[in-house]
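This is start34.cif (mmCIF, C-alpha atoms; chains and numbers go by the auth columns).
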data_work
#
loop_
_atom_site.group_PDB
_atom_site.id
_atom_site.type_symbol
_atom_site.label_atom_id
_atom_site.label_comp_id
_atom_site.label_asym_id
_atom_site.label_seq_id
_atom_site.Cartn_x
_atom_site.Cartn_y
_atom_site.Cartn_z
_atom_site.B_iso_or_equiv
_atom_site.auth_seq_id
_atom_site.auth_asym_id
ATOM 1 C CA ALA A 1 17.128 26.826 53.583 0.00 1 A
ATOM 2 C CA GLN A 2 16.652 24.192 50.946 0.00 2 A
ATOM 3 C CA SER A 3 13.661 23.097 48.943 0.00 3 A
ATOM 4 C CA VAL A 4 12.788 20.967 45.990 0.00 4 A
ATOM 5 C CA THR A 5 9.972 21.321 43.481 0.00 5 A
ATOM 6 C CA GLN A 6 8.715 18.463 41.402 0.00 6 A
ATOM 7 C CA LEU A 7 7.035 20.113 38.476 0.00 7 A
ATOM 8 C CA ASP A 8 4.571 17.340 37.654 0.00 8 A
ATOM 9 C CA SER A 9 2.363 15.551 40.149 0.00 9 A
ATOM 10 C CA HIS A 10 1.470 12.895 37.587 0.00 10 A
ATOM 11 C CA VAL A 11 3.225 11.667 34.450 0.00 11 A
ATOM 12 C CA SER A 12 1.717 9.066 32.147 0.00 12 A
ATOM 13 C CA VAL A 13 3.734 7.299 29.447 0.00 13 A
ATOM 14 C CA SER A 14 3.349 4.294 27.216 0.00 14 A
ATOM 15 C CA GLU A 15 5.508 1.245 27.737 0.00 15 A
ATOM 16 C CA GLY A 16 8.693 1.523 25.708 0.00 16 A
ATOM 17 C CA THR A 17 8.641 5.325 25.490 0.00 17 A
ATOM 18 C CA PRO A 18 11.005 7.706 27.308 0.00 18 A
ATOM 19 C CA VAL A 19 10.403 8.910 30.843 0.00 19 A
ATOM 20 C CA LEU A 20 11.129 12.441 32.067 0.00 20 A
ATOM 21 C CA LEU A 21 10.403 13.436 35.643 0.00 21 A
ATOM 22 C CA ARG A 22 11.296 17.037 36.385 0.00 22 A
ATOM 23 C CA CYS A 23 12.827 18.431 39.547 0.00 23 A
ATOM 24 C CA ASN A 24 14.149 21.868 40.458 0.00 24 A
ATOM 25 C CA TYR A 25 15.949 22.612 43.686 0.00 25 A
ATOM 26 C CA SER A 26 16.869 25.549 45.841 0.00 26 A
ATOM 27 C CA SER A 27 19.769 25.416 48.256 0.00 27 A
ATOM 28 C CA SER A 28 22.037 27.878 49.974 0.00 28 A
ATOM 29 C CA TYR A 29 24.784 25.301 50.025 0.00 29 A
ATOM 30 C CA SER A 30 26.329 22.931 47.558 0.00 30 A
ATOM 31 C CA PRO A 31 23.568 20.354 47.567 0.00 31 A
ATOM 32 C CA SER A 32 23.401 16.626 47.412 0.00 32 A
ATOM 33 C CA LEU A 33 20.446 15.424 45.361 0.00 33 A
ATOM 34 C CA PHE A 34 18.675 12.104 45.292 0.00 34 A
ATOM 35 C CA TRP A 35 15.862 10.340 43.504 0.00 35 A
ATOM 36 C CA TYR A 36 13.878 7.724 45.417 0.00 36 A
ATOM 37 C CA VAL A 37 11.124 5.430 44.176 0.00 37 A
ATOM 38 C CA GLN A 38 8.235 4.180 46.269 0.00 38 A
ATOM 39 C CA HIS A 39 5.959 1.373 45.160 0.00 39 A
ATOM 40 C CA PRO A 40 2.470 1.224 46.746 0.00 40 A
ATOM 41 C CA ASN A 41 2.576 0.657 50.501 0.00 41 A
ATOM 42 C CA LYS A 42 6.312 0.104 50.397 0.00 42 A
ATOM 43 C CA GLY A 43 9.332 1.947 51.719 0.00 43 A
ATOM 44 C CA LEU A 44 11.662 4.024 49.631 0.00 44 A
ATOM 45 C CA GLN A 45 14.369 2.727 47.355 0.00 45 A
ATOM 46 C CA LEU A 46 17.288 4.894 46.281 0.00 46 A
ATOM 47 C CA LEU A 47 17.525 5.193 42.501 0.00 47 A
ATOM 48 C CA LEU A 48 20.549 7.464 42.297 0.00 48 A
ATOM 49 C CA LYS A 49 22.353 10.309 43.998 0.00 49 A
ATOM 50 C CA TYR A 50 24.478 13.307 43.091 0.00 50 A
ATOM 51 C CA THR A 51 27.170 14.398 45.531 0.00 51 A
ATOM 52 C CA SER A 52 29.297 16.909 43.599 0.00 52 A
ATOM 53 C CA ALA A 53 31.104 14.392 41.439 0.00 53 A
ATOM 54 C CA ALA A 54 30.031 13.734 37.831 0.00 54 A
ATOM 55 C CA THR A 55 27.013 15.779 36.822 0.00 55 A
ATOM 56 C CA LEU A 56 25.439 12.902 34.887 0.00 56 A
ATOM 57 C CA VAL A 57 24.498 10.257 37.388 0.00 57 A
ATOM 58 C CA LYS A 58 23.510 6.742 36.436 0.00 58 A
ATOM 59 C CA GLY A 59 21.285 4.789 38.752 0.00 59 A
ATOM 60 C CA ILE A 60 19.553 1.474 38.987 0.00 60 A
ATOM 61 C CA ASN A 61 16.992 0.067 36.549 0.00 61 A
ATOM 62 C CA GLY A 62 18.238 2.206 33.665 0.00 62 A
ATOM 63 C CA PHE A 63 17.464 5.567 35.264 0.00 63 A
ATOM 64 C CA GLU A 64 19.793 8.527 35.111 0.00 64 A
ATOM 65 C CA ALA A 65 19.726 12.179 36.104 0.00 65 A
ATOM 66 C CA GLU A 66 21.736 15.225 35.165 0.00 66 A
ATOM 67 C CA PHE A 67 22.682 17.937 37.640 0.00 67 A
ATOM 68 C CA LYS A 68 22.481 21.347 35.968 0.00 68 A
ATOM 69 C CA LYS A 69 23.599 24.067 38.312 0.00 69 A
ATOM 70 C CA SER A 70 22.754 26.891 35.900 0.00 70 A
ATOM 71 C CA GLU A 71 19.168 25.664 35.719 0.00 71 A
ATOM 72 C CA THR A 72 19.013 24.387 39.330 0.00 72 A
ATOM 73 C CA SER A 73 17.556 21.201 37.936 0.00 73 A
ATOM 74 C CA PHE A 74 18.002 17.483 38.510 0.00 74 A
ATOM 75 C CA HIS A 75 15.599 15.812 36.092 0.00 75 A
ATOM 76 C CA LEU A 76 15.216 12.027 36.077 0.00 76 A
ATOM 77 C CA THR A 77 15.130 10.191 32.765 0.00 77 A
ATOM 78 C CA LYS A 78 14.890 6.694 31.366 0.00 78 A
ATOM 79 C CA PRO A 79 15.040 5.834 27.661 0.00 79 A
ATOM 80 C CA SER A 80 12.330 3.191 27.699 0.00 80 A
ATOM 81 C CA ALA A 81 9.642 2.727 30.324 0.00 81 A
ATOM 82 C CA HIS A 82 8.674 -0.676 31.706 0.00 82 A
ATOM 83 C CA MET A 83 5.401 -1.560 33.360 0.00 83 A
ATOM 84 C CA SER A 84 7.339 -2.212 36.578 0.00 84 A
ATOM 85 C CA ASP A 85 8.442 1.446 36.642 0.00 85 A
ATOM 86 C CA ALA A 86 4.947 2.534 37.645 0.00 86 A
ATOM 87 C CA ALA A 87 5.394 4.058 41.109 0.00 87 A
ATOM 88 C CA GLU A 88 5.789 7.299 43.027 0.00 88 A
ATOM 89 C CA TYR A 89 9.088 9.116 42.551 0.00 89 A
ATOM 90 C CA PHE A 90 10.563 11.601 44.986 0.00 90 A
ATOM 91 C CA CYS A 91 13.274 14.153 44.321 0.00 91 A
ATOM 92 C CA VAL A 92 15.205 14.895 47.507 0.00 92 A
ATOM 93 C CA VAL A 93 17.790 17.490 48.485 0.00 93 A
ATOM 94 C CA SER A 94 20.267 17.336 51.319 0.00 94 A
ATOM 95 C CA LYS A 95 22.457 20.122 52.591 0.00 95 A
ATOM 96 C CA ASN A 96 25.671 18.208 52.300 0.00 96 A
ATOM 97 C CA SER A 97 26.785 14.709 51.474 0.00 97 A
ATOM 98 C CA GLY A 98 23.821 13.212 53.234 0.00 98 A
ATOM 99 C CA GLY A 99 25.701 13.236 56.500 0.00 99 A
ATOM 100 C CA SER A 100 24.005 11.596 59.402 0.00 100 A
ATOM 101 C CA ASN A 101 22.842 14.825 60.932 0.00 101 A
ATOM 102 C CA TYR A 102 21.793 16.472 57.697 0.00 102 A
ATOM 103 C CA LYS A 103 18.121 16.426 56.899 0.00 103 A
ATOM 104 C CA LEU A 104 16.553 15.293 53.690 0.00 104 A
ATOM 105 C CA THR A 105 13.939 17.561 52.169 0.00 105 A
ATOM 106 C CA PHE A 106 11.474 15.718 49.960 0.00 106 A
ATOM 107 C CA GLY A 107 9.595 16.963 46.954 0.00 107 A
ATOM 108 C CA LYS A 108 5.878 16.280 46.793 0.00 108 A
ATOM 109 C CA GLY A 109 6.362 13.353 44.492 0.00 109 A
ATOM 110 C CA THR A 110 5.487 12.447 40.921 0.00 110 A
ATOM 111 C CA LEU A 111 3.243 9.512 40.214 0.00 111 A
ATOM 112 C CA LEU A 112 4.420 7.674 37.120 0.00 112 A
ATOM 113 C CA THR A 113 1.821 5.647 35.253 0.00 113 A
ATOM 114 C CA VAL A 114 2.945 3.294 32.486 0.00 114 A
ATOM 115 C CA ASN A 115 0.322 2.282 29.959 0.00 115 A
ATOM 116 C CA PRO A 116 0.581 -0.961 27.999 0.00 116 A
ATOM 117 C CA GLY B 1 23.767 -4.728 52.954 0.00 117 B
ATOM 118 C CA ALA B 2 22.213 -1.733 54.728 0.00 118 B
ATOM 119 C CA VAL B 3 18.839 -3.279 55.493 0.00 119 B
ATOM 120 C CA VAL B 4 16.351 -1.555 57.757 0.00 120 B
ATOM 121 C CA SER B 5 13.272 -3.313 59.077 0.00 121 B
ATOM 122 C CA GLN B 6 10.145 -2.028 60.750 0.00 122 B
ATOM 123 C CA HIS B 7 7.681 -3.846 62.939 0.00 123 B
ATOM 124 C CA PRO B 8 4.789 -4.116 62.704 0.00 124 B
ATOM 125 C CA SER B 9 4.066 -3.483 59.040 0.00 125 B
ATOM 126 C CA ARG B 10 0.428 -2.748 59.810 0.00 126 B
ATOM 127 C CA VAL B 11 -1.335 -2.012 63.082 0.00 127 B
ATOM 128 C CA ILE B 12 -4.873 -1.109 64.013 0.00 128 B
ATOM 129 C CA CYS B 13 -5.544 0.321 67.436 0.00 129 B
ATOM 130 C CA LYS B 14 -8.427 1.911 69.253 0.00 130 B
ATOM 131 C CA SER B 15 -8.586 5.604 69.970 0.00 131 B
ATOM 132 C CA GLY B 16 -6.924 6.468 73.261 0.00 132 B
ATOM 133 C CA THR B 17 -4.490 3.582 73.284 0.00 133 B
ATOM 134 C CA SER B 18 -0.758 3.697 72.615 0.00 134 B
ATOM 135 C CA VAL B 19 1.142 1.858 69.943 0.00 135 B
ATOM 136 C CA LYS B 20 4.859 1.226 69.551 0.00 136 B
ATOM 137 C CA ILE B 21 6.671 0.929 66.226 0.00 137 B
ATOM 138 C CA GLU B 22 10.163 -0.536 66.014 0.00 138 B
ATOM 139 C CA CYS B 23 12.871 0.344 63.541 0.00 139 B
ATOM 140 C CA ARG B 24 15.945 -1.855 63.305 0.00 140 B
ATOM 141 C CA SER B 25 19.136 -1.662 61.302 0.00 141 B
ATOM 142 C CA LEU B 26 19.911 -5.292 60.559 0.00 142 B
ATOM 143 C CA ASP B 27 23.473 -5.237 59.285 0.00 143 B
ATOM 144 C CA PHE B 28 25.007 -1.947 60.328 0.00 144 B
ATOM 145 C CA GLN B 29 25.212 0.337 63.325 0.00 145 B
ATOM 146 C CA ALA B 30 22.880 3.272 62.988 0.00 146 B
ATOM 147 C CA THR B 31 24.232 6.288 64.801 0.00 147 B
ATOM 148 C CA THR B 32 21.275 8.329 63.625 0.00 148 B
ATOM 149 C CA MET B 33 17.685 7.354 62.932 0.00 149 B
ATOM 150 C CA PHE B 34 14.969 9.475 61.406 0.00 150 B
ATOM 151 C CA TRP B 35 11.210 9.144 61.675 0.00 151 B
ATOM 152 C CA TYR B 36 8.924 10.326 58.880 0.00 152 B
ATOM 153 C CA ARG B 37 5.206 10.514 58.451 0.00 153 B
ATOM 154 C CA GLN B 38 3.457 10.194 55.104 0.00 154 B
ATOM 155 C CA PHE B 39 -0.188 11.028 54.534 0.00 155 B
ATOM 156 C CA PRO B 40 -1.996 9.401 51.603 0.00 156 B
ATOM 157 C CA LYS B 41 -0.726 10.630 48.246 0.00 157 B
ATOM 158 C CA GLN B 42 1.619 13.084 49.922 0.00 158 B
ATOM 159 C CA SER B 43 5.307 13.412 50.526 0.00 159 B
ATOM 160 C CA LEU B 44 7.324 12.352 53.541 0.00 160 B
ATOM 161 C CA MET B 45 7.512 14.806 56.396 0.00 161 B
ATOM 162 C CA LEU B 46 10.357 14.495 58.862 0.00 162 B
ATOM 163 C CA MET B 47 9.071 14.172 62.399 0.00 163 B
ATOM 164 C CA ALA B 48 12.259 13.790 64.400 0.00 164 B
ATOM 165 C CA THR B 49 15.915 12.883 64.339 0.00 165 B
ATOM 166 C CA SER B 50 17.471 10.716 66.998 0.00 166 B
ATOM 167 C CA ASN B 51 21.078 9.988 67.781 0.00 167 B
ATOM 168 C CA GLU B 52 21.908 6.884 69.771 0.00 168 B
ATOM 169 C CA GLY B 53 21.914 7.609 73.474 0.00 169 B
ATOM 170 C CA SER B 54 20.570 11.150 73.098 0.00 170 B
ATOM 171 C CA LYS B 55 17.178 12.755 73.191 0.00 171 B
ATOM 172 C CA ALA B 56 15.437 13.079 69.869 0.00 172 B
ATOM 173 C CA THR B 57 15.235 16.390 68.068 0.00 173 B
ATOM 174 C CA TYR B 58 11.692 17.074 66.930 0.00 174 B
ATOM 175 C CA GLU B 59 10.630 19.139 63.957 0.00 175 B
ATOM 176 C CA GLN B 60 8.487 22.171 64.469 0.00 176 B
ATOM 177 C CA GLY B 61 4.876 21.262 65.047 0.00 177 B
ATOM 178 C CA VAL B 62 5.542 17.685 66.159 0.00 178 B
ATOM 179 C CA GLU B 63 4.421 17.006 69.721 0.00 179 B
ATOM 180 C CA LYS B 64 7.252 15.282 71.556 0.00 180 B
ATOM 181 C CA ASP B 65 4.966 14.100 74.346 0.00 181 B
ATOM 182 C CA LYS B 66 2.678 12.432 71.853 0.00 182 B
ATOM 183 C CA PHE B 67 5.334 10.855 69.665 0.00 183 B
ATOM 184 C CA LEU B 68 7.886 9.337 72.015 0.00 184 B
ATOM 185 C CA ILE B 69 11.134 8.324 70.378 0.00 185 B
ATOM 186 C CA ASN B 70 13.749 6.129 71.977 0.00 186 B
ATOM 187 C CA HIS B 71 17.089 5.242 70.413 0.00 187 B
ATOM 188 C CA ALA B 72 18.675 3.148 73.109 0.00 188 B
ATOM 189 C CA SER B 73 21.005 1.104 70.956 0.00 189 B
ATOM 190 C CA LEU B 74 22.863 1.377 67.683 0.00 190 B
ATOM 191 C CA THR B 75 20.431 -0.965 65.973 0.00 191 B
ATOM 192 C CA LEU B 76 17.039 -0.083 67.406 0.00 192 B
ATOM 193 C CA SER B 77 14.822 2.967 67.602 0.00 193 B
ATOM 194 C CA THR B 78 11.199 2.996 68.667 0.00 194 B
ATOM 195 C CA LEU B 79 8.368 5.420 68.035 0.00 195 B
ATOM 196 C CA THR B 80 5.453 5.290 70.457 0.00 196 B
ATOM 197 C CA VAL B 81 2.271 7.074 69.511 0.00 197 B
ATOM 198 C CA THR B 82 0.590 7.834 72.809 0.00 198 B
ATOM 199 C CA SER B 83 -3.147 8.269 73.243 0.00 199 B
ATOM 200 C CA ALA B 84 -3.673 7.743 69.556 0.00 200 B
ATOM 201 C CA HIS B 85 -6.522 9.432 67.737 0.00 201 B
ATOM 202 C CA PRO B 86 -7.919 8.832 64.242 0.00 202 B
ATOM 203 C CA GLU B 87 -5.974 11.830 62.914 0.00 203 B
ATOM 204 C CA ASP B 88 -2.763 9.985 63.824 0.00 204 B
ATOM 205 C CA SER B 89 -3.588 7.368 61.210 0.00 205 B
ATOM 206 C CA SER B 90 -0.791 7.492 58.701 0.00 206 B
ATOM 207 C CA PHE B 91 2.155 5.686 57.151 0.00 207 B
ATOM 208 C CA TYR B 92 5.215 5.965 59.386 0.00 208 B
ATOM 209 C CA ILE B 93 8.630 5.384 57.846 0.00 209 B
ATOM 210 C CA CYS B 94 11.984 5.268 59.569 0.00 210 B
ATOM 211 C CA SER B 95 15.437 5.610 58.117 0.00 211 B
ATOM 212 C CA ALA B 96 18.821 4.882 59.566 0.00 212 B
ATOM 213 C CA SER B 97 22.291 6.101 58.800 0.00 213 B
ATOM 214 C CA GLY B 98 25.692 5.083 60.046 0.00 214 B
ATOM 215 C CA THR B 99 29.166 6.476 59.753 0.00 215 B
ATOM 216 C CA ALA B 100 30.294 4.502 56.708 0.00 216 B
ATOM 217 C CA ASP B 101 28.597 6.695 54.128 0.00 217 B
ATOM 218 C CA TYR B 102 26.023 8.722 56.053 0.00 218 B
ATOM 219 C CA GLU B 103 23.369 7.696 53.557 0.00 219 B
ATOM 220 C CA GLN B 104 19.870 7.194 54.916 0.00 220 B
ATOM 221 C CA TYR B 105 18.458 3.704 54.434 0.00 221 B
ATOM 222 C CA PHE B 106 14.718 3.468 54.672 0.00 222 B
ATOM 223 C CA GLY B 107 12.527 0.906 56.335 0.00 223 B
ATOM 224 C CA PRO B 108 9.448 -0.509 54.598 0.00 224 B
ATOM 225 C CA GLY B 109 7.048 1.583 56.660 0.00 225 B
ATOM 226 C CA THR B 110 4.253 0.929 59.162 0.00 226 B
ATOM 227 C CA ARG B 111 0.629 1.599 58.340 0.00 227 B
ATOM 228 C CA LEU B 112 -1.154 2.818 61.486 0.00 228 B
ATOM 229 C CA THR B 113 -4.936 2.943 61.575 0.00 229 B
ATOM 230 C CA VAL B 114 -6.646 4.357 64.638 0.00 230 B
ATOM 231 C CA THR B 115 -10.329 3.515 64.958 0.00 231 B
#

Exercise: express the given structure as structure tokens:
Amino acid sequence: AQSVTQLDSHVSVSEGTPVLLRCNYSSSYSPSLFWYVQHPNKGLQLLLKYTSAATLVKGINGFEAEFKKSETSFHLTKPSAHMSDAAEYFCVVSKNSGGSNYKLTFGKGTLLTVNP
Amino acid sequence: GAVVSQHPSRVICKSGTSVKIECRSLDFQATTMFWYRQFPKQSLMLMATSNEGSKATYEQGVEKDKFLINHASLTLSTLTVTSAHPEDSSFYICSASGTADYEQYFGPGTRLTVT
């Protein structure tokens, strides 16, 4: 079984300050991990993914995440928040390399608010 | 590349009627498509997985006779909500994956409102 826990349902930051969105996972297998962003009433956009290569993963829009097996964590960070970063963020775990028949398990999401 | 579309983007229907939602992969062949449901301010819940030419595999608790899924071609899957009720109102999102990288590419979603 696999699961993912997003530790904060809501994070509020000021524009220009760092962003930290926390995620812990549980998996019986070597997991693949993803972060997706969802803007209001829109579909999901992939920010970045970890698939057992480098543990520090760089994604789009300046986001990055570090896979820490000892802590079973995959926290998402960005050095400086922009107003356009305000959205819902989902941490996702997959059993393998995201193969077509492997399911994605979504966290409950973290709403990021960016204050001017 | 890897664009997935959904149609319609929003639909309102009366209770008791059926509504069909289409999911298309525009620039790749989708061997597998997934249907998710998202309630307001909640996460995505997988409803079913469909492989082209095969019957869909439904998640526990999802009524297969109510949510009919067809995946007749490598670029199109449809979800039909039969005899819709207000509690079926939700945001339905599909994703598609092919054999190039097995990554799931998500559609923009369909907002269903049943009155």

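Any residue of chain A with an atom no more than 10 Å from chain B counts as a contact; using only C-alpha atoms, that gives A:Ser9, A:Gln38, A:Asn41, A:Lys42, A:Gly43, A:Leu44, A:Gln45, A:Leu46, A:Lys49, A:Glu88, A:Tyr89, A:Phe90, A:Ser97, A:Gly98, A:Gly99, A:Ser100, A:Asn101, A:Tyr102, A:Lys103, A:Leu104, A:Thr105, A:Phe106, A:Gly107, A:Lys108, A:Gly109, A:Thr110, A:Leu111.
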
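Minimum atom-to-atom distance to A:Thr77, evaluated using only C-alpha atoms, belongs to A:Ala65 out of A:Ala65, A:Ala53, A:Ala1, A:Ile60.
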
Computed interatomic separation between atom CA of B:Ser189 and atom CA of B:Val127 (Å):
23.9 Å

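Straight-line separation from atom CA of A:Glu64 to atom CA of A:Leu47: 8.4 Å.
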
To verify the selection step, state as a list in words which residues the PyMOL selection byres ((chain A and resi 6) around 6) yields on this input.
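The output of the PyMOL selection byres ((chain A and resi 6) around 6) on this file is Thr5, Leu7, Asp8, Arg22, Cys23 and Gly107 of chain A.
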
Running the PyMOL selection byres ((chain A and resi 74) around 7) on this model by hand, what would come out? Give it as a VMD selection string.
chain A and resid 23 to 24 65 to 68 73 75 to 76
